[in-house]
Amino acid sequence: MPISNANARDFGICTDAQGAISDELFSKGGNVLMGPLKDIAIEVLEALPVEHLLGQTELEAIVRDKAKGEFASLYDKRQKEINIRVPLKANRSFRTMSKGSADTTYLRGGLMNYKKAPSTSSYWFRSPADRRGDAGSDELYRWIVRHEFGHSIDALLKLSDRQGHTAVCGSWVKYRTAEHLLCDMFLEFHPNGTQGDWSLAKSIFQERRVIARLDSRSAVAGKAYQKAWRAARNGPLNNSKFLRTPANAGFMQTILNIMNTLDVAIMEPWLDGDSSTDCCIGDRRFHYMANYNEWNSCSQAAYENRVSNYQFSCASEWFAESYAAYFGQGTRMRQLLDERADDVVRWFDSFLAARDPAANQDNRYFSAAPVKLAKYRDYAALPSSWWFGSDTNPNKKAAAAWGQENRFEQEEQRLAGILEPGDVIICYGYNGVGRAQAAVKALKTATFLPRATAAAAYSRGDNARASANHSVIVTSCDSQRGQVGITHGVSTGMINDSLSNFLKNNLSVMHVFRPAAITVSYPVRGAWNGHEHDVQDTAMPGAHAAGRIAELWGADVGPQDNDPGIRYGMKKAVRSVMSLSAFGSKAQARAQRYSRSRTEANGPTTTGWWTGEHSESMFCSMFVVAAYQAALPMAGVRRVMALDAKHTSPMILEGFLRSHREWNSVCEIRLLP
């Protein structure tokens, strides 16, 4: 099917199928990109494959940013715009600056927040010597436009997520927690380590507050983070009685090797080029990336074939830098890519090299975009029996008694043929949440509060179990592959996860509830060979729509940029235990607001006097209720989920599902022996 002008106007940044760039791309907001800066940007974009312009729905503007910031440019994923940061009145020097001179300028001036010595480090090159060679003569501004547009293509196709874990793309791993990072490093240094070895190592790290310091990166970054790390690192590890025992000298050396590697890795060694080998363990490089507050590791073999150091700061930058080099025809950086990384060139040839619109039938603007999302962020290579707390934890003993590390995967495969998208899983157990709910329920029953109040709060409060402490919504089920996707709340926010991974960390009794059949007209984005385009209303079960919305709102196990999505609302969770969940006028207004946000990747937004507009924080049961209220029309909400999401604790939700006629019990998941 030929590309039409209507397609270009509706779904791309061009005005015609020949690739003429729309002026609207440069007219958003007050800081307009004008004159030669605009002309050069248009020239660079028009040199890209026309399919990338026609099919691009994740870029709405290219603007100038006059702020004195740390970046030469950035792609704002939320606003769908590229910000070209031109300091003050540096129009002429900025648009003519070479990458070699820019590399030295940004490093010497500390504009990138790294303040590395320009004589020993490099930002866009493999080594400082490259600045004086042919590669240093490439124009910075043209590179910036290609690089940031590459980020928008990545946002559209999610190639760094889908392919970042592969060898050709760097074998990236992004660590969710410091414990995952340390365990991975421990296994690299100590490949035959046992569960007991890791438990001992973890107790030493906890004694020195190493895990807590490394996990503090959400609050501090850059130099402050490095200072916080030194406060933990300077503790005398040799004071440990175990480590002073001569027989344990080898184990002590493993711990010290990890600490020494972290000393280098936390200083962002990707800027230091080949001199940063001290952050390597075997064939893997470990490092911190302050811009994204991320810990990553990548393949040393892939790193050796890089065209720039920034390419190996994280998976998304690997893609943007590679994109800029691949489509920089005639530049020295493209030549270096051909010479050093022909496998990367072949990878781009396969996925993104389509140039002839007539050769793409049925609106397939990209030649071979992958379909399956393989989340490189999910690090699942660790023995499952290593993740159950201390040696005295009964859950850990129960896990060891099973004698099967794949028990959780087997349980997920079994449930994949039973569960459906939209199913709600309630977890039971007397943790802090369960105890608080039990106390409040007893108080309401024993005091002057009328029974009607309890009924409004619990929807037949007699049936509510105070031990209900967590709620999960199923987002996808693949019975053929035996995979179940879920979304639930953790301490950082609402995340997408696999059921098996969730079960590894949540041994308890769980109950599955499913609503009665209700069909809704839900706006679903159609697929163009792996990426999304126009919105069409599609009839589907309301529960399936709720699962889709939950997956859309959830983060892929941790933010990769400054747009973290839905954070965990601790204060809201605490207040919900003492609140009423009646579906009144305010609750209905909130439900309508959730419905308006059902196609927004970051979920419903709120505005704070200090923080401005941002994604609304939620807790687990509030998120489940909000997803259903977003999926259903108001009549369906009153029938299936007539609760005030903000004031629905896990116990309130459990009582509602158990007693409401529109909800049915599906099965019980009992993982304890």
# chains A, B, ... in the order shown; residues from 1 in each chain; ligands from 1
$ residues_around --residues "region 641-652 of chain A" --least-positions-apart "2" --cutoff "6 Å" --atoms "only C-alpha atoms" --output "list in words"
Tyr458, Ala464, Arg465, Ala466, Ala468, Asn469, His470, Ser576, Val577, Ser579, Ser581, Ala582, Phe583, Ala587, Ser621, Met622, Val625, Ala626, Val637, Arg638, Glu654 and Gly655 of chain A
$ write_last_selection --atoms "N, CA, C and O atoms" --output "mmCIF file, in the first residue's frame"
data_model
loop_
_atom_site.group_PDB
_atom_site.id
_atom_site.type_symbol
_atom_site.label_atom_id
_atom_site.label_comp_id
_atom_site.auth_asym_id
_atom_site.auth_seq_id
_atom_site.Cartn_x
_atom_site.Cartn_y
_atom_site.Cartn_z
ATOM 1 N N TYR A 458 -15.426 -1.459 54.015
ATOM 2 C CA TYR A 458 -14.972 -2.776 53.603
ATOM 3 C C TYR A 458 -15.899 -3.438 52.601
ATOM 4 O O TYR A 458 -15.605 -4.520 52.112
ATOM 5 N N ALA A 464 -13.990 -9.096 55.005
ATOM 6 C CA ALA A 464 -12.656 -8.571 54.704
ATOM 7 C C ALA A 464 -11.620 -9.213 55.613
ATOM 8 O O ALA A 464 -11.804 -9.298 56.821
ATOM 9 N N ARG A 465 -10.530 -9.648 55.041
ATOM 10 C CA ARG A 465 -9.447 -10.259 55.805
ATOM 11 C C ARG A 465 -8.333 -9.241 56.010
ATOM 12 O O ARG A 465 -7.746 -8.756 55.041
ATOM 13 N N ALA A 466 -8.034 -8.947 57.247
ATOM 14 C CA ALA A 466 -7.007 -7.950 57.539
ATOM 15 C C ALA A 466 -5.629 -8.398 57.081
ATOM 16 O O ALA A 466 -4.725 -7.576 56.907
ATOM 17 N N ALA A 468 -4.877 -9.433 54.233
ATOM 18 C CA ALA A 468 -4.652 -9.078 52.820
ATOM 19 C C ALA A 468 -3.712 -7.880 52.769
ATOM 20 O O ALA A 468 -4.065 -6.782 53.187
ATOM 21 N N ASN A 469 -2.499 -8.094 52.277
ATOM 22 C CA ASN A 469 -1.492 -7.037 52.385
ATOM 23 C C ASN A 469 -0.956 -6.520 51.053
ATOM 24 O O ASN A 469 -0.145 -5.609 51.028
ATOM 25 N N HIS A 470 -1.381 -7.115 49.935
ATOM 26 C CA HIS A 470 -0.843 -6.677 48.648
ATOM 27 C C HIS A 470 -1.805 -7.101 47.544
ATOM 28 O O HIS A 470 -2.499 -8.122 47.663
ATOM 29 N N SER A 576 -5.064 5.321 53.629
ATOM 30 C CA SER A 576 -6.153 4.474 53.129
ATOM 31 C C SER A 576 -6.647 3.497 54.186
ATOM 32 O O SER A 576 -7.808 3.085 54.166
ATOM 33 N N VAL A 577 -5.759 3.097 55.101
ATOM 34 C CA VAL A 577 -6.147 2.153 56.143
ATOM 35 C C VAL A 577 -7.215 2.745 57.053
ATOM 36 O O VAL A 577 -8.070 2.037 57.584
ATOM 37 N N SER A 579 -9.405 5.219 56.077
ATOM 38 C CA SER A 579 -10.352 5.986 55.275
ATOM 39 C C SER A 579 -11.550 5.148 54.867
ATOM 40 O O SER A 579 -11.564 3.921 55.010
ATOM 41 N N SER A 581 -14.112 4.047 51.712
ATOM 42 C CA SER A 581 -13.935 3.839 50.276
ATOM 43 C C SER A 581 -15.227 3.996 49.495
ATOM 44 O O SER A 581 -15.344 3.492 48.383
ATOM 45 N N ALA A 582 -16.221 4.679 50.060
ATOM 46 C CA ALA A 582 -17.498 4.853 49.375
ATOM 47 C C ALA A 582 -17.293 5.581 48.051
ATOM 48 O O ALA A 582 -16.468 6.498 47.944
ATOM 49 N N PHE A 583 -18.043 5.190 47.034
ATOM 50 C CA PHE A 583 -17.905 5.738 45.688
ATOM 51 C C PHE A 583 -18.762 7.005 45.575
ATOM 52 O O PHE A 583 -19.797 7.026 44.902
ATOM 53 N N ALA A 587 -14.891 10.527 44.471
ATOM 54 C CA ALA A 587 -14.363 9.281 43.912
ATOM 55 C C ALA A 587 -14.729 9.155 42.440
ATOM 56 O O ALA A 587 -13.925 8.709 41.616
ATOM 57 N N SER A 621 -3.212 -1.351 45.806
ATOM 58 C CA SER A 621 -4.646 -1.537 45.594
ATOM 59 C C SER A 621 -5.277 -0.331 44.908
ATOM 60 O O SER A 621 -6.206 -0.475 44.107
ATOM 61 N N MET A 622 -4.776 0.864 45.177
ATOM 62 C CA MET A 622 -5.259 2.055 44.478
ATOM 63 C C MET A 622 -5.006 1.919 42.980
ATOM 64 O O MET A 622 -5.859 2.262 42.149
ATOM 65 N N VAL A 625 -7.554 -0.544 41.320
ATOM 66 C CA VAL A 625 -8.876 0.079 41.179
ATOM 67 C C VAL A 625 -8.842 1.128 40.069
ATOM 68 O O VAL A 625 -9.753 1.205 39.230
ATOM 69 N N ALA A 626 -7.785 1.950 40.033
ATOM 70 C CA ALA A 626 -7.682 3.013 39.029
ATOM 71 C C ALA A 626 -7.610 2.437 37.618
ATOM 72 O O ALA A 626 -8.193 2.988 36.680
ATOM 73 N N VAL A 637 -18.099 0.960 35.779
ATOM 74 C CA VAL A 637 -17.410 1.187 37.050
ATOM 75 C C VAL A 637 -18.367 0.959 38.207
ATOM 76 O O VAL A 637 -18.034 0.298 39.200
ATOM 77 N N ARG A 638 -19.574 1.520 38.099
ATOM 78 C CA ARG A 638 -20.559 1.343 39.183
ATOM 79 C C ARG A 638 -20.923 -0.127 39.362
ATOM 80 O O ARG A 638 -21.234 -0.574 40.464
ATOM 81 N N GLU A 654 -9.921 -6.510 49.041
ATOM 82 C CA GLU A 654 -10.156 -7.943 49.212
ATOM 83 C C GLU A 654 -11.587 -8.210 49.659
ATOM 84 O O GLU A 654 -12.263 -9.123 49.143
ATOM 85 N N GLY A 655 -12.104 -7.413 50.613
ATOM 86 C CA GLY A 655 -13.478 -7.593 51.067
ATOM 87 C C GLY A 655 -14.482 -7.336 49.959
ATOM 88 O O GLY A 655 -15.495 -8.028 49.837
#
$ closest_residue --among "A:Met578, A:Leu419, A:Ile204, A:Ile518" --to "Val640 (chain A)" --atoms "only C-alpha atoms"
A:Ile518
$ closest_residue --among "A:Asp423, A:Tyr628, A:Arg670, A:Asp138" --to "Ala325 (chain A)" --atoms "only C-alpha atoms"
A:Asp138
$ residues_around --residues "Met267 (chain A)" --least-positions-apart "6" --cutoff "8 Å" --atoms "only C-alpha atoms" --output "PDB file with C-alpha atoms, in the first residue's frame"
ATOM      1  CA  GLN A 226      30.424   9.239  45.103  1.00  0.00           C
ATOM      2  CA  HIS A 287      29.711   1.268  35.956  1.00  0.00           C
ATOM      3  CA  TYR A 288      27.387   3.918  37.305  1.00  0.00           C
TER       4      TYR A 288
END
$ atom_distance --atom1 "CA of Lys80 (chain A)" --atom2 "CA of Arg593 (chain A)"
22.2 Å
$ atom_distance --atom1 "CA of Ser171 (chain A)" --atom2 "CA of Asn192 (chain A)"
22.1 Å
$ atom_distance --atom1 "CA of Lys28 (chain A)" --atom2 "CA of Ala61 (chain A)"
6.1 Å
$ closest_residue --among "A:Gly273, A:Pro49, A:Gly542, A:Pro36" --to "Phe327 (chain A)" --atoms "only C-alpha atoms"
A:Pro49
$ select_by_dssp --residues "region 175-216 of chain A" --states "alpha helix (DSSP H)" --output "PyMOL selection string"
chain A and resi 178-189+195-207+210-215
$ closest_residue --among "A:His544, A:Lys174, A:Arg285, A:Arg78" --to "Asp161 (chain A)" --atoms "only C-alpha atoms"
A:Lys174
$ closest_residue --among "A:Ala302, A:Ala324, A:Ile473, A:Ala290" --to "Leu48 (chain A)" --atoms "only C-alpha atoms"
A:Ala324
$ closest_residue --among "A:Met185, A:Phe408, A:Arg230, A:Ala631" --to "Asn257 (chain A)" --atoms "only C-alpha atoms"
A:Met185
$ residues_around --residues "Arg346 (chain A)" --least-positions-apart "4" --cutoff "12 Å" --atoms "only C-alpha atoms" --output "list in words"
Val168, Cys169, Ser322, Tyr326, Leu337, Asp338, Ala341, Asp342, Ser350, Phe351, Leu352 and Ala353 of chain A
$ residues_around --residues "Asn31 (chain A)" --least-positions-apart "4" --cutoff "10 Å" --atoms "only C-alpha atoms" --output "ChimeraX atom specification"
/A:26-27,62-66,83-84
$ residues_around --residues "Ser119 (chain A)" --least-positions-apart "5" --cutoff "12 Å" --atoms "only C-alpha atoms" --output "PyMOL selection string"
chain A and resi 103-105+107-108+127-132+271-272
$ write_last_selection --atoms "C-alpha atoms" --output "PDB file, in the first residue's frame"
ATOM      1  CA  ASP A 103      34.739  17.364  23.730  1.00  0.00           C
ATOM      2  CA  THR A 104      37.515  19.355  25.367  1.00  0.00           C
ATOM      3  CA  THR A 105      35.286  22.377  26.051  1.00  0.00           C
ATOM      4  CA  LEU A 107      34.951  18.407  29.911  1.00  0.00           C
ATOM      5  CA  ARG A 108      37.175  21.340  30.907  1.00  0.00           C
ATOM      6  CA  SER A 127      40.508   8.436  23.627  1.00  0.00           C
ATOM      7  CA  PRO A 128      41.710  12.065  23.784  1.00  0.00           C
ATOM      8  CA  ALA A 129      43.933  11.362  20.783  1.00  0.00           C
ATOM      9  CA  ASP A 130      40.829  10.989  18.591  1.00  0.00           C
ATOM     10  CA  ARG A 131      40.040  14.697  19.039  1.00  0.00           C
ATOM     11  CA  ARG A 132      43.061  15.587  16.936  1.00  0.00           C
ATOM     12  CA  LEU A 271      34.536   8.448  30.177  1.00  0.00           C
ATOM     13  CA  ASP A 272      38.048   7.129  30.716  1.00  0.00           C
TER      14      ASP A 272
END
$ residues_around --residues "Glu179 (chain A)" --least-positions-apart "6" --cutoff "10 Å" --atoms "only C-alpha atoms" --output "ChimeraX atom specification"
/A:185,202,205-206,210-212,214-215,387
$ write_last_selection --atoms "N, CA, C and O atoms" --output "CSV table (one decimal), in the first residue's frame"
chain,number,residue,atom,x,y,z
A,185,MET,N,28.3,-9.4,40.7
A,185,MET,CA,29.7,-9.2,40.8
A,185,MET,C,30.3,-10.4,41.6
A,185,MET,O,31.4,-10.9,41.3
A,202,LYS,N,26.6,-11.1,51.8
A,202,LYS,CA,25.5,-10.0,51.9
A,202,LYS,C,25.5,-9.5,53.4
A,202,LYS,O,25.3,-8.3,53.5
A,205,PHE,N,28.3,-7.0,53.5
A,205,PHE,CA,27.9,-5.7,52.9
A,205,PHE,C,26.9,-4.9,53.7
A,205,PHE,O,27.0,-3.7,53.8
A,206,GLN,N,26.0,-5.6,54.3
A,206,GLN,CA,25.0,-4.9,55.2
A,206,GLN,C,25.6,-4.3,56.4
A,206,GLN,O,25.3,-3.2,56.8
A,210,VAL,N,27.0,-1.1,52.8
A,210,VAL,CA,27.3,-1.0,51.3
A,210,VAL,C,26.0,-1.0,50.5
A,210,VAL,O,25.8,-0.2,49.6
A,211,ILE,N,25.1,-2.0,50.8
A,211,ILE,CA,23.9,-2.1,50.0
A,211,ILE,C,23.1,-0.8,50.1
A,211,ILE,O,22.6,-0.3,49.2
A,212,ALA,N,22.9,-0.3,51.4
A,212,ALA,CA,22.1,0.9,51.6
A,212,ALA,C,22.7,2.1,50.9
A,212,ALA,O,22.0,2.9,50.3
A,214,LEU,N,24.7,2.1,48.1
A,214,LEU,CA,24.5,2.0,46.7
A,214,LEU,C,23.1,2.2,46.3
A,214,LEU,O,22.8,2.8,45.2
A,215,ASP,N,22.1,1.8,47.1
A,215,ASP,CA,20.7,2.1,46.7
A,215,ASP,C,20.3,3.5,47.0
A,215,ASP,O,19.2,3.9,46.6
A,387,TRP,N,17.4,-15.5,47.1
A,387,TRP,CA,16.7,-14.3,47.2
A,387,TRP,C,15.6,-14.3,48.3
A,387,TRP,O,14.5,-13.8,48.1
